[in-house]
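Q: Contents are compact mmCIF, C-alpha atoms; file name input_10.txt:
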# COMPACT_ATOMS: atom_id res chain seq x y z
CA MET R 1 -23.84 -12.85 97.68
CA THR R 2 -24.48 -9.16 98.13
CA ALA R 3 -26.17 -7.68 95.13
CA PRO R 4 -24.13 -5.03 93.33
CA PRO R 5 -25.61 -1.58 92.83
CA LEU R 6 -27.32 -1.16 89.48
CA LEU R 7 -24.76 1.32 88.24
CA ASP R 8 -22.09 -1.36 88.77
CA ALA R 9 -24.04 -3.72 86.50
CA ILE R 10 -24.48 -0.91 83.98
CA LYS R 11 -20.73 -0.33 84.04
CA ALA R 12 -19.96 -4.05 83.94
CA ARG R 13 -21.95 -4.52 80.73
CA TYR R 14 -19.95 -4.33 77.54
CA SER R 15 -20.22 -5.91 74.14
CA CYS R 16 -18.30 -9.16 74.36
CA ARG R 17 -16.74 -10.08 71.02
CA GLU R 18 -15.74 -13.65 71.94
CA PHE R 19 -16.94 -16.07 74.60
CA LEU R 20 -15.10 -18.80 76.45
CA PRO R 21 -15.76 -22.34 75.23
CA ASP R 22 -17.14 -24.85 77.75
CA ARG R 23 -18.66 -22.19 79.99
CA PRO R 24 -22.40 -22.60 79.59
CA VAL R 25 -25.18 -20.28 80.64
CA THR R 26 -27.21 -22.20 83.21
CA GLN R 27 -30.96 -22.67 82.90
CA PRO R 28 -31.67 -20.47 85.98
CA GLU R 29 -29.47 -17.72 84.49
CA LEU R 30 -31.22 -17.92 81.15
CA ALA R 31 -34.61 -17.89 82.86
CA ARG R 32 -33.69 -14.67 84.68
CA VAL R 33 -32.50 -13.00 81.51
CA LEU R 34 -35.72 -13.91 79.71
CA GLU R 35 -37.82 -12.76 82.66
CA ALA R 36 -36.02 -9.40 82.66
CA GLY R 37 -36.98 -9.00 79.02
CA ARG R 38 -40.55 -10.11 79.57
CA LEU R 39 -41.14 -7.48 82.25
CA ALA R 40 -39.90 -4.57 80.13
CA PRO R 41 -42.16 -1.60 79.45
CA SER R 42 -43.62 -0.93 76.03
CA ALA R 43 -45.74 1.79 74.49
CA PHE R 44 -49.47 1.05 74.73
CA GLY R 45 -48.53 -2.06 76.72
CA LEU R 46 -48.18 -3.90 73.40
CA GLU R 47 -45.05 -5.95 74.21
CA PRO R 48 -44.51 -6.33 70.46
CA TRP R 49 -41.78 -8.93 70.87
CA ARG R 50 -40.99 -12.60 71.10
CA PHE R 51 -37.78 -14.11 72.47
CA ILE R 52 -36.44 -17.24 70.87
CA VAL R 53 -33.80 -19.31 72.61
CA VAL R 54 -31.91 -20.61 69.62
CA ALA R 55 -31.83 -24.39 69.51
CA LYS R 56 -28.47 -26.10 68.97
CA ALA R 57 -29.66 -27.43 65.63
CA ARG R 58 -30.26 -23.90 64.35
CA ALA R 59 -27.20 -22.20 65.85
CA ASP R 60 -24.98 -22.64 62.80
CA ALA R 61 -27.55 -21.17 60.44
CA VAL R 62 -28.13 -18.26 62.84
CA ALA R 63 -24.39 -17.64 63.02
CA ARG R 64 -24.11 -17.70 59.22
CA ALA R 65 -26.94 -15.15 58.98
CA CYS R 66 -24.89 -13.01 61.40
CA PHE R 67 -21.88 -13.31 59.06
CA ASP R 68 -20.18 -15.73 61.48
CA GLN R 69 -19.27 -12.96 63.90
CA PRO R 70 -17.21 -14.53 66.72
CA ALA R 71 -19.64 -13.18 69.33
CA VAL R 72 -22.27 -15.40 67.72
CA THR R 73 -20.17 -18.42 66.80
CA THR R 74 -18.66 -18.65 70.29
CA ALA R 75 -21.73 -17.73 72.40
CA ALA R 76 -22.91 -20.32 74.90
CA THR R 77 -26.53 -19.30 74.30
CA LEU R 78 -28.24 -17.15 71.70
CA VAL R 79 -31.55 -15.41 72.26
CA ALA R 80 -33.18 -13.86 69.21
CA VAL R 81 -35.46 -10.91 69.85
CA VAL R 82 -38.07 -10.63 67.12
CA ALA R 83 -40.69 -7.93 66.54
CA LEU R 84 -44.30 -9.00 66.06
CA VAL R 85 -44.85 -6.48 63.27
CA GLY R 86 -47.67 -8.42 61.65
CA GLU R 87 -49.79 -8.33 64.81
CA LEU R 88 -49.83 -4.57 65.18
CA ALA R 89 -52.64 -3.45 62.90
CA PRO R 90 -55.17 -1.64 65.11
CA ASP R 91 -57.95 -4.10 64.34
CA SER R 92 -55.90 -7.21 65.16
CA ALA R 93 -56.84 -9.74 67.81
CA TYR R 94 -53.36 -9.31 69.30
CA VAL R 95 -53.80 -5.58 69.84
CA ARG R 96 -57.27 -6.11 71.33
CA ALA R 97 -55.94 -8.70 73.77
CA ARG R 98 -53.13 -6.41 74.91
CA PHE R 99 -55.42 -3.40 75.32
CA GLU R 100 -57.93 -5.48 77.28
CA ALA R 101 -55.12 -6.69 79.55
CA GLU R 102 -53.89 -3.10 79.94
CA LYS R 103 -57.34 -1.73 80.80
CA PRO R 104 -59.28 -4.70 82.15
CA ASP R 105 -62.23 -2.70 83.46
CA GLY R 106 -61.88 0.25 81.20
CA ASP R 107 -63.19 1.86 78.12
CA LEU R 108 -60.87 1.13 75.20
CA THR R 109 -62.06 4.07 73.07
CA SER R 110 -59.29 6.49 73.96
CA ILE R 111 -56.42 3.99 73.73
CA TYR R 112 -57.72 2.84 70.34
CA ALA R 113 -57.99 6.43 69.12
CA ALA R 114 -54.46 7.20 70.25
CA TYR R 115 -53.11 3.99 68.79
CA ARG R 116 -54.82 4.48 65.42
CA ASP R 117 -53.19 7.92 65.16
CA HIS R 118 -49.87 6.40 66.18
CA TYR R 119 -50.16 3.54 63.69
CA ARG R 120 -50.88 5.95 60.84
CA ALA R 121 -47.98 8.25 61.77
CA GLU R 122 -45.24 5.69 62.39
CA THR R 123 -43.18 3.35 60.25
CA ILE R 124 -44.57 0.50 62.27
CA GLY R 125 -41.84 -2.07 61.61
CA ALA R 126 -39.07 0.28 62.70
CA TRP R 127 -41.17 1.41 65.64
CA ALA R 128 -41.78 -2.16 66.82
CA ALA R 129 -38.07 -2.92 66.50
CA GLY R 130 -37.35 0.11 68.68
CA GLN R 131 -39.77 -1.13 71.32
CA CYS R 132 -37.88 -4.42 71.42
CA ASN R 133 -34.85 -2.47 72.62
CA PHE R 134 -36.57 -1.92 75.98
CA ALA R 135 -36.66 -5.67 76.43
CA ALA R 136 -33.13 -6.15 75.11
CA ALA R 137 -31.74 -3.48 77.44
CA GLN R 138 -33.24 -5.24 80.45
CA MET R 139 -31.87 -8.59 79.29
CA LEU R 140 -28.35 -7.22 78.81
CA LEU R 141 -28.36 -5.65 82.27
CA GLN R 142 -29.68 -8.83 83.84
CA ALA R 143 -26.89 -10.77 82.16
CA ALA R 144 -24.27 -8.32 83.47
CA TYR R 145 -25.85 -8.51 86.88
CA LEU R 146 -25.41 -12.29 86.88
CA GLY R 147 -21.78 -11.95 85.85
CA LEU R 148 -22.43 -13.06 82.29
CA GLY R 149 -21.00 -11.49 79.19
CA SER R 150 -23.32 -10.42 76.40
CA CYS R 151 -23.39 -8.87 72.97
CA PRO R 152 -26.41 -7.37 71.23
CA VAL R 153 -25.87 -8.31 67.59
CA GLY R 154 -27.75 -6.20 65.06
CA GLY R 155 -25.57 -6.95 62.06
CA PHE R 156 -27.20 -9.76 60.12
CA ASP R 157 -28.87 -10.67 56.86
CA ALA R 158 -32.48 -10.27 57.98
CA ASP R 159 -33.94 -12.68 55.42
CA ALA R 160 -31.38 -15.36 56.22
CA LEU R 161 -31.92 -14.90 59.94
CA ALA R 162 -35.69 -15.09 59.60
CA GLU R 163 -35.23 -18.34 57.71
CA ALA R 164 -32.73 -19.73 60.23
CA LEU R 165 -35.20 -18.96 63.02
CA ALA R 166 -38.15 -20.29 60.99
CA LEU R 167 -40.04 -17.07 61.69
CA PRO R 168 -43.62 -16.97 60.52
CA PRO R 169 -44.61 -14.12 58.19
CA GLY R 170 -45.06 -10.87 60.12
CA GLU R 171 -42.20 -11.49 62.55
CA THR R 172 -38.92 -9.71 61.91
CA PRO R 173 -35.58 -10.20 63.66
CA VAL R 174 -34.35 -7.22 65.69
CA LEU R 175 -31.35 -8.43 67.66
CA VAL R 176 -29.51 -11.59 68.50
CA VAL R 177 -28.43 -11.44 72.13
CA ALA R 178 -25.28 -13.52 72.50
CA LEU R 179 -24.64 -14.76 76.05
CA GLY R 180 -21.82 -16.57 77.78
CA HIS R 181 -18.67 -15.96 79.76
CA CYS R 182 -16.52 -13.41 77.99
CA ALA R 183 -13.05 -14.41 76.78
CA HIS R 184 -11.66 -10.87 77.04
CA PRO R 185 -11.78 -8.04 79.55
CA ALA R 186 -13.91 -4.95 79.04
CA PRO R 187 -12.46 -2.57 76.46
CA PRO R 188 -12.05 1.05 77.54
CA ARG R 189 -15.49 2.62 77.74
CA ARG R 190 -16.06 5.31 75.11
CA ARG R 191 -19.01 7.56 75.63
CA LYS R 192 -19.87 11.13 74.90
CA PRO R 193 -19.25 13.23 78.00
CA ALA R 194 -22.16 13.89 80.35
CA GLY R 195 -24.48 16.75 79.37
CA MET U 1 -28.54 0.19 102.50
CA THR U 2 -28.35 -3.22 100.89
CA ALA U 3 -28.80 -3.00 97.18
CA PRO U 4 -31.85 -4.86 95.90
CA PRO U 5 -31.39 -7.50 93.22
CA LEU U 6 -31.93 -6.19 89.71
CA LEU U 7 -35.07 -8.25 89.19
CA ASP U 8 -36.57 -6.46 92.21
CA ALA U 9 -35.93 -3.11 90.53
CA ILE U 10 -37.36 -4.46 87.29
CA LYS U 11 -40.47 -5.56 89.17
CA ALA U 12 -40.65 -2.30 91.13
CA ARG U 13 -40.76 -0.22 87.95
CA TYR U 14 -44.21 0.71 86.72
CA SER U 15 -45.65 3.62 84.84
CA CYS U 16 -46.63 6.15 87.47
CA ARG U 17 -49.63 8.20 86.38
CA GLU U 18 -49.45 10.84 89.12
CA PHE U 19 -46.65 12.01 91.38
CA LEU U 20 -46.72 13.38 94.91
CA PRO U 21 -46.37 17.15 95.20
CA ASP U 22 -43.49 18.50 97.30
CA ARG U 23 -41.36 15.38 96.88
CA PRO U 24 -38.48 16.47 94.69
CA VAL U 25 -35.94 14.35 92.86
CA THR U 26 -32.58 15.23 94.37
CA GLN U 27 -29.62 16.30 92.27
CA PRO U 28 -27.64 13.12 93.10
CA GLU U 29 -30.64 11.00 92.11
CA LEU U 30 -31.06 12.87 88.84
CA ALA U 31 -27.33 12.60 88.13
CA ARG U 32 -27.51 8.81 88.56
CA VAL U 33 -30.49 8.51 86.26
CA LEU U 34 -28.74 10.55 83.57
CA GLU U 35 -25.54 8.55 83.99
CA ALA U 36 -27.49 5.30 83.57
CA GLY U 37 -28.78 6.67 80.27
CA ARG U 38 -25.39 7.91 79.14
CA LEU U 39 -23.79 4.47 79.59
CA ALA U 40 -26.40 2.63 77.53
CA PRO U 41 -25.34 0.58 74.51
CA SER U 42 -26.17 1.68 70.98
CA ALA U 43 -25.67 0.22 67.54
CA PHE U 44 -22.38 1.28 65.94
CA GLY U 45 -21.61 3.09 69.22
CA LEU U 46 -23.49 6.10 67.85
CA GLU U 47 -25.30 7.14 71.05
CA PRO U 48 -27.79 9.00 68.86
CA TRP U 49 -29.42 10.76 71.80
CA ARG U 50 -29.43 13.82 73.97
CA PHE U 51 -31.07 14.13 77.40
CA ILE U 52 -32.62 17.43 78.34
CA VAL U 53 -33.52 18.14 81.94
CA VAL U 54 -36.57 20.33 81.44
CA ALA U 55 -36.15 23.72 83.04
CA LYS U 56 -38.96 25.01 85.28
CA ALA U 57 -39.67 27.81 82.82
CA ARG U 58 -40.38 25.29 80.05
CA ALA U 59 -42.28 22.70 82.09
CA ASP U 60 -45.74 24.10 81.37
CA ALA U 61 -45.15 24.18 77.63
CA VAL U 62 -43.76 20.63 77.74
CA ALA U 63 -46.80 19.47 79.70
CA ARG U 64 -49.14 21.12 77.18
CA ALA U 65 -47.31 19.36 74.33
CA CYS U 66 -47.96 16.12 76.28
CA PHE U 67 -51.68 16.95 76.43
CA ASP U 68 -51.38 17.83 80.12
CA GLN U 69 -51.16 14.18 81.16
CA PRO U 70 -51.05 14.07 84.98
CA ALA U 71 -47.79 12.10 84.89
CA VAL U 72 -46.22 15.13 83.24
CA THR U 73 -48.02 17.94 85.05
CA THR U 74 -47.28 16.42 88.47
CA ALA U 75 -43.73 15.13 87.86
CA ALA U 76 -41.00 16.53 90.08
CA THR U 77 -38.52 16.38 87.20
CA LEU U 78 -38.88 15.82 83.47
CA VAL U 79 -36.10 14.50 81.28
CA ALA U 80 -36.67 14.67 77.55
CA VAL U 81 -34.87 12.08 75.44
CA VAL U 82 -34.31 13.37 71.94
CA ALA U 83 -32.88 11.61 68.90
CA LEU U 84 -30.04 13.26 67.00
CA VAL U 85 -31.50 12.29 63.64
CA GLY U 86 -29.82 15.12 61.75
CA GLU U 87 -26.34 13.97 62.77
CA LEU U 88 -26.64 10.46 61.38
CA ALA U 89 -25.76 10.86 57.71
CA PRO U 90 -22.72 8.63 57.09
CA ASP U 91 -20.54 11.56 56.05
CA SER U 92 -21.32 13.69 59.13
CA ALA U 93 -18.70 14.94 61.56
CA TYR U 94 -20.78 13.42 64.38
CA VAL U 95 -20.63 9.92 62.92
CA ARG U 96 -16.90 10.23 62.25
CA ALA U 97 -16.25 11.32 65.84
CA ARG U 98 -18.22 8.39 67.25
CA PHE U 99 -16.56 5.85 64.94
CA GLU U 100 -13.11 7.20 65.84
CA ALA U 101 -13.98 6.90 69.54
CA GLU U 102 -15.26 3.37 68.97
CA LYS U 103 -12.15 2.24 67.03
CA PRO U 104 -9.39 4.57 68.20
CA ASP U 105 -6.54 2.59 66.63
CA GLY U 106 -8.51 0.95 63.94
CA ASP U 107 -9.38 1.04 60.34
CA LEU U 108 -12.81 2.63 59.86
CA THR U 109 -13.43 1.08 56.44
CA SER U 110 -15.54 -1.84 57.59
CA ILE U 111 -17.66 0.08 60.09
CA TYR U 112 -18.34 2.74 57.45
CA ALA U 113 -19.28 0.12 54.88
CA ALA U 114 -21.66 -1.56 57.34
CA TYR U 115 -23.14 1.74 58.43
CA ARG U 116 -23.70 2.99 54.87
CA ASP U 117 -25.66 -0.18 54.13
CA HIS U 118 -27.59 0.26 57.35
CA TYR U 119 -28.33 3.92 56.67
CA ARG U 120 -29.68 3.09 53.21
CA ALA U 121 -31.84 0.25 54.48
CA GLU U 122 -33.37 1.87 57.57
CA THR U 123 -35.93 4.58 58.20
CA ILE U 124 -33.27 6.45 60.07
CA GLY U 125 -35.51 8.65 62.26
CA ALA U 126 -37.49 5.70 63.55
CA TRP U 127 -34.29 3.71 63.98
CA ALA U 128 -32.64 6.48 66.02
CA ALA U 129 -35.74 6.77 68.18
CA GLY U 130 -35.55 3.04 68.82
CA GLN U 131 -31.92 3.33 69.88
CA CYS U 132 -32.95 5.95 72.43
CA ASN U 133 -35.03 3.28 74.11
CA PHE U 134 -31.82 1.57 75.30
CA ALA U 135 -30.96 4.75 77.19
CA ALA U 136 -34.52 5.25 78.43
CA ALA U 137 -34.72 1.66 79.71
CA GLN U 138 -31.57 2.14 81.78
CA MET U 139 -32.87 5.45 83.16
CA LEU U 140 -36.20 3.92 84.17
CA LEU U 141 -34.48 1.03 85.96
CA GLN U 142 -32.08 3.38 87.70
CA ALA U 143 -35.03 5.45 88.89
CA ALA U 144 -36.77 2.34 90.24
CA TYR U 145 -33.55 1.25 91.86
CA LEU U 146 -33.40 4.56 93.73
CA GLY U 147 -36.98 4.19 94.88
CA LEU U 148 -38.27 6.81 92.46
CA GLY U 149 -41.39 6.55 90.38
CA SER U 150 -41.21 7.10 86.67
CA CYS U 151 -43.29 7.22 83.53
CA PRO U 152 -42.01 7.06 79.96
CA VAL U 153 -44.34 9.38 78.08
CA GLY U 154 -44.52 8.85 74.34
CA GLY U 155 -47.87 10.51 73.76
CA PHE U 156 -47.23 14.08 72.67
CA ASP U 157 -47.55 16.54 69.83
CA ALA U 158 -44.04 16.22 68.42
CA ASP U 159 -43.93 19.67 66.85
CA ALA U 160 -45.21 21.36 69.99
CA LEU U 161 -42.75 19.41 72.13
CA ALA U 162 -39.83 20.25 69.85
CA GLU U 163 -40.80 23.92 70.19
CA ALA U 164 -41.24 23.71 73.96
CA LEU U 165 -37.78 22.16 74.24
CA ALA U 166 -36.33 24.63 71.71
CA LEU U 167 -34.84 21.73 69.77
CA PRO U 168 -32.58 22.64 66.89
CA PRO U 169 -33.47 21.26 63.45
CA GLY U 170 -32.47 17.61 63.18
CA GLU U 171 -33.36 16.70 66.77
CA THR U 172 -36.65 14.92 67.38
CA PRO U 173 -38.34 14.12 70.69
CA VAL U 174 -38.63 10.42 71.52
CA LEU U 175 -39.81 10.22 75.12
CA VAL U 176 -40.41 12.43 78.10
CA VAL U 177 -39.28 10.58 81.21
CA ALA U 178 -41.35 11.84 84.14
CA LEU U 179 -39.73 11.32 87.54
CA GLY U 180 -40.80 11.79 91.13
CA HIS U 181 -42.35 9.93 94.02
CA CYS U 182 -45.46 8.12 92.89
CA ALA U 183 -48.82 9.03 94.39
CA HIS U 184 -50.31 5.58 93.82
CA PRO U 185 -49.21 1.99 94.31
CA ALA U 186 -48.20 -0.25 91.43
CA PRO U 187 -51.15 -1.45 89.39
CA PRO U 188 -51.40 -5.20 88.80
CA ARG U 189 -48.70 -6.19 86.35
CA ARG U 190 -50.07 -7.37 83.01
CA ARG U 191 -47.68 -9.21 80.77
CA LYS U 192 -47.90 -11.95 78.25
CA PRO U 193 -46.96 -15.25 79.88
CA ALA U 194 -43.36 -16.45 79.65
CA GLY U 195 -42.32 -18.50 76.62
Please express what this file holds, its structure, as structure tokens.
A:
Amino acid sequence: MTAPPLLDAIKARYSCREFLPDRPVTQPELARVLEAGRLAPSAFGLEPWRFIVVAKARADAVARACFDQPAVTTAATLVAVVALVGELAPDSAYVRARFEAEKPDGDLTSIYAAYRDHYRAETIGAWAAGQCNFAAAQMLLQAAYLGLGSCPVGGFDADALAEALALPPGETPVLVVALGHCAHPAPPRRRKPAG
Amino acid sequence: MTAPPLLDAIKARYSCREFLPDRPVTQPELARVLEAGRLAPSAFGLEPWRFIVVAKARADAVARACFDQPAVTTAATLVAVVALVGELAPDSAYVRARFEAEKPDGDLTSIYAAYRDHYRAETIGAWAAGQCNFAAAQMLLQAAYLGLGSCPVGGFDADALAEALALPPGETPVLVVALGHCAHPAPPRRRKPAG
């Protein structure tokens, strides 16, 4: 197989509203999608995310929390992207571990100073959710690249979804990435014109 | 040229801290990077972003607003990603135009109802900034795909950067994407382990 140019994958990606039954996402495909998310960039190298492959036993509760949208009820696989909001206080062990990984031989003074300013200035939950979009964008493109359909689902009851996913305190759901083989062709693409 | 697999581009992307002098980004390359951003997904189809290719005459002021980070001072081309925060009130002409584009034949009642709830619940500036990360992620991957180096720069004095970019009220800077040919190899990749 010759790999398609990236812009082809970008153009092939669209929000699939309904997936075909009996067309699973294979384990190697899912592994690639998750790896694409894992390697995404993040501010301060904090990777403030966790990806949860939704277990079959939880899928119905997740779908209900997403108001039973067909993209969710028909998806072959659901990956929840959650923000690790509770880990992001500047004095947390999580932040220290990420900064030490980011600057293994370095002085952490300046990154801590910058991050403390940032933490004070930002609405940290919304900011962490925004960082998760870097990972989600890479996952969606990887799915398109593999010929899979996808839908980033942001419409859900956050409390119900947190419960369905059994999230610990401090983790908040950002997106449910629905994956599968799409049951409908791409709708016409609507975008603002270029610059 | 055989196109590299997407995961290769994902792995080739790293934050370049200094770019080579006299190695410009070509117009076709820049056009592809901007197109990759333009085609990004966004919640409610709002595309709450604008991309500004920084003019030579403004580059010094932009660099100063970014604390003269070498990634910015040495970049061949700078693209500022700004969030259109001021356009996002549910009764705005901008929102109406995007919803009508999204649902050209449809009833807008349900999307408006969902968006009004969303607008009430969210810190809308931080949310819009987070949406811009979908566009930025696609630009960074497109740059890597073309063999360009890049750095998403989020460390800046927001007021100074807004002034340097002559942003109108209601637009806020999210990231400066520095582009060029990188002067150093990729540093070791540090990421949390999979799963």
Q: With the cut-off set at 12 Å and counting only C-alpha atoms, tabulate each residue of region 11-98 of chain U with an atom at most that distance from an atom of region 123-140 of chain R, showing the nearest atom pair and its distance in Å to one decimal, ordered by chain and increasing number, as CSV.
A:
residue,atom,partner,partner_atom,distance
U:Lys11,CA,R:Gln138,CA,11.3
U:Arg13,CA,R:Gln138,CA,11.7
U:Ala36,CA,R:Ala137,CA,11.5
U:Gly37,CA,R:Ala137,CA,10.9
U:Leu39,CA,R:Ala137,CA,11.4
U:Ala40,CA,R:Ala137,CA,8.1
U:Pro41,CA,R:Ala137,CA,8.1
U:Ser42,CA,R:Asn133,CA,9.8
U:Ala43,CA,R:Asn133,CA,10.8
Q: I'd like the interatomic distance between CA of Glu163 (chain R) and CA of Phe44 (chain U), to a tenth of an Å.
A: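 We find that CA of Glu163 (chain R) and CA of Phe44 (chain U) lie 24.9 Å from each other.
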Q: Would you work out the distance separating CA of Pro188 (chain U) from CA of Leu175 (chain R), expressed in Å to one decimal?
A: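 So the answer is 29.3 Å.
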Q: Which residue out of U:Ala71, U:Leu34, U:Ala59, U:Val85 has the minimum interatomic distance to chain R when all atoms listed in the file are used?
A: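 For chain R, the nearest of the candidates is U:Leu34.
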Q: For a cutoff of 12 Å around the file-coordinate point (-26.8, -14.2, 74.7), which residues qualify once you count only C-alpha atoms? I'd like the result as a ChimeraX atom specification.
A: /R:15-19,24-26,29-31,33-34,51-54,59,71-81,136,139-144,148-153,175-182
Q: Between R:Leu46, R:Leu6, R:Ala55, R:Val62, which residue has the minimum interatomic distance to Ala89 (chain R), considering only C-alpha atoms?
A: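 Checking each candidate against Ala89 (chain R), we get R:Leu46 as the closest.
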Q: Just give me the gap between CA of Ala65 (chain U) and CA of Glu100 (chain R) in Å, one decimal is fine.
A: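 Result for CA of Ala65 (chain U) versus CA of Glu100 (chain R): 27.2 Å, one decimal.
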Q: So, with only C-alpha atoms as the atoms that count, which of R:Gly106, R:Gly154, R:Pro90, R:Pro28 lies closest to chain U?
A: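 Closest to chain U of all the choices is R:Gly154.
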Q: Which polymer residues, protein or nucleic acid, are no farther than 10 Å from (-36.2, -21.9, 60.8), counting only C-alpha atoms, as a ChimeraX atom specification?
A: /R:54,57-58,61-62,160-168
Q: Taking all atoms listed in the file into account, name the residue in U:Asp91, U:Tyr145, U:Phe99, U:Pro48 that is nearest to chain R.
A: U:Tyr145
Q: Taking only C-alpha atoms into account, which of R:Pro70, R:Pro169, R:Pro104, R:Pro21 comes nearest chain U?
A: R:Pro104
Q: What lies within 8 Å of Phe67 (chain R) using all atoms listed in the file, ignoring chain neighbours under 2 positions off, as a ChimeraX atom specification?
A: /R:63-65,69,155-157
Q: Using all atoms listed in the file, which residues sit within 12 Å of Lys103 (chain R) once same-chain residues fewer than 5 positions away are excluded, as a ChimeraX atom specification?
A: /R:44-46,96-98,108-112 /U:187-190
Q: Can you work out which one of R:Arg32, R:Arg23, R:Lys56, R:Arg50 has the shortest atom-to-atom distance to Pro193 (chain U), counting only C-alpha atoms?
A: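 Ranked by minimum distance to Pro193 (chain U), first place goes to R:Arg50.
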